[in-house]
Amino acid sequence: MALTVAGMMTSVFLFSLIGTAVHNRYVERQRAKNKPMFSKKNRRIVSVWKRFGMSGIAFLTPILLSPVVGTVLATVLGVSKSRIMLHMLWSAVFWGFALTFTLFKLSHLPFLHFLVR
């Protein structure tokens with residue numbers, strides 16, 4: 001569990017530092033391809049942001065978005081780096097514990113045996 005949390009927080013730290021640059025590069029590439037700025041996926045993310053704020057983004061990051069996308073998204077939306085770190089930390093601890101606990105509880109199943117050894 002500690003390695004899961006450490007891995008997520010490492011990527012959150014690195015991408016919170018370079019989040020704006022990554023976003024700007026992404027926007028330039030999308031414009032060069034003439035892709036719409038507001039896709040269905042982007043609209044869903046904005047609706048989660050409006051409804052739940054940084055807590056919602058942090059909660060969904062490990063499962064749906066990935067630490068890189070969640071961090072860059074929070075940076076672009078104007079969240080301070082300290083708030084990003086705080087919210088991503090509790091999210092990493094929560095999901096790390098939940099997934100590790102679930103894996104060990106289900107380790108008796110034959111198709112999960114190789115993960116626990």
# chains A, B, ... in the order shown; residues from 1 in each chain; ligands from 1
$ residues_around --residues "A:Gly70" --least-positions-apart "4" --cutoff "9 Å" --atoms "only C-alpha atoms" --output "NGL selection string"
:A and (12 or 57-58 or 60-62 or 65-66 or 74-75 or 88)
$ residues_around --residues "A:Trp90" --least-positions-apart "6" --cutoff "10 Å" --atoms "only C-alpha atoms" --output "compact mmCIF listing (two decimals) with N, CA and C atoms, in the first residue's frame"
# COMPACT_ATOMS: atom_id res chain seq x y z
N VAL A 5 0.84 4.43 -2.73
CA VAL A 5 0.68 5.84 -2.37
C VAL A 5 1.91 6.64 -2.81
N SER A 55 -12.23 17.83 -4.45
CA SER A 55 -12.46 16.54 -3.78
C SER A 55 -12.96 15.49 -4.77
N ALA A 58 -10.08 14.48 -7.10
CA ALA A 58 -9.12 13.64 -6.38
C ALA A 58 -9.68 12.24 -6.17
N PHE A 59 -10.96 12.14 -5.84
CA PHE A 59 -11.58 10.84 -5.59
C PHE A 59 -11.58 9.98 -6.84
N GLY A 96 -5.54 3.25 -2.15
CA GLY A 96 -4.48 2.27 -1.88
C GLY A 96 -4.92 1.26 -0.85
$ residues_around --residues "A:Leu77" --least-positions-apart "5" --cutoff "10 Å" --atoms "only C-alpha atoms" --output "number ranges by chain"
A: 20, 46, 49, 53-54, 71-72
$ select_by_dssp --residues "stretch 62-113 of chain A" --states "alpha helix (DSSP H)" --output "PyMOL selection string"
chain A and resi 67-76+81-105+113
$ atom_distance --atom1 "atom CA of A:Arg31" --atom2 "atom CA of A:Ile18"
20.5 Å
$ atom_distance --atom1 "atom CA of A:Lys33" --atom2 "atom CA of A:Ala21"
18.7 Å
$ residues_around --residues "A:Val68" --least-positions-apart "6" --cutoff "9 Å" --atoms "only C-alpha atoms" --output "PDB file with N, CA, C and O atoms, in the first residue's frame"
ATOM      1  N   MET A   8       1.878   7.198  -6.628  1.00  0.00           N
ATOM      2  CA  MET A   8       0.914   8.207  -7.062  1.00  0.00           C
ATOM      3  C   MET A   8       1.381   9.600  -6.670  1.00  0.00           C
ATOM      4  O   MET A   8       1.312  10.528  -7.463  1.00  0.00           O
ATOM      5  N   SER A  11       4.123  11.030  -8.952  1.00  0.00           N
ATOM      6  CA  SER A  11       3.636  11.578 -10.217  1.00  0.00           C
ATOM      7  C   SER A  11       2.814  12.841  -9.988  1.00  0.00           C
ATOM      8  O   SER A  11       2.884  13.777 -10.793  1.00  0.00           O
ATOM      9  N   VAL A  12       2.059  12.915  -8.899  1.00  0.00           N
ATOM     10  CA  VAL A  12       1.300  14.133  -8.587  1.00  0.00           C
ATOM     11  C   VAL A  12       2.258  15.300  -8.365  1.00  0.00           C
ATOM     12  O   VAL A  12       2.046  16.404  -8.884  1.00  0.00           O
ATOM     13  N   LEU A  14       5.396  15.692  -9.480  1.00  0.00           N
ATOM     14  CA  LEU A  14       6.072  16.079 -10.719  1.00  0.00           C
ATOM     15  C   LEU A  14       5.131  16.803 -11.680  1.00  0.00           C
ATOM     16  O   LEU A  14       5.483  17.837 -12.245  1.00  0.00           O
ATOM     17  N   PHE A  15       3.930  16.283 -11.834  1.00  0.00           N
ATOM     18  CA  PHE A  15       3.027  16.888 -12.805  1.00  0.00           C
ATOM     19  C   PHE A  15       2.319  18.129 -12.274  1.00  0.00           C
ATOM     20  O   PHE A  15       1.804  18.918 -13.061  1.00  0.00           O
ATOM     21  N   SER A  16       2.323  18.341 -10.969  1.00  0.00           N
ATOM     22  CA  SER A  16       1.800  19.615 -10.477  1.00  0.00           C
ATOM     23  C   SER A  16       2.783  20.737 -10.794  1.00  0.00           C
ATOM     24  O   SER A  16       2.390  21.890 -10.961  1.00  0.00           O
ATOM     25  N   GLY A  19       2.285  20.944 -14.871  1.00  0.00           N
ATOM     26  CA  GLY A  19       0.918  20.754 -15.362  1.00  0.00           C
ATOM     27  C   GLY A  19       0.475  21.739 -16.416  1.00  0.00           C
ATOM     28  O   GLY A  19      -0.143  21.365 -17.418  1.00  0.00           O
ATOM     29  N   THR A  61      -9.563  10.343  -9.521  1.00  0.00           N
ATOM     30  CA  THR A  61      -8.271  10.280 -10.208  1.00  0.00           C
ATOM     31  C   THR A  61      -7.665   8.883 -10.266  1.00  0.00           C
ATOM     32  O   THR A  61      -7.348   8.420 -11.355  1.00  0.00           O
TER      33      THR A  61
END
$ residues_around --residues "A:Leu99" --least-positions-apart "6" --cutoff "12 Å" --atoms "only C-alpha atoms" --output "list in words"
Met1, Thr4, Val5, Pro62, Ile63, Ser91, Ala92, Val93, Lys105, Leu106 and Ser107 of chain A
$ atom_distance --atom1 "atom CA of A:Pro67" --atom2 "atom CA of A:Met85"
11.1 Å
$ closest_residue --among "A:Ala2, A:Ala32, A:Met9, A:Pro110" --to "A:Leu89" --atoms "only C-alpha atoms"
A:Met9
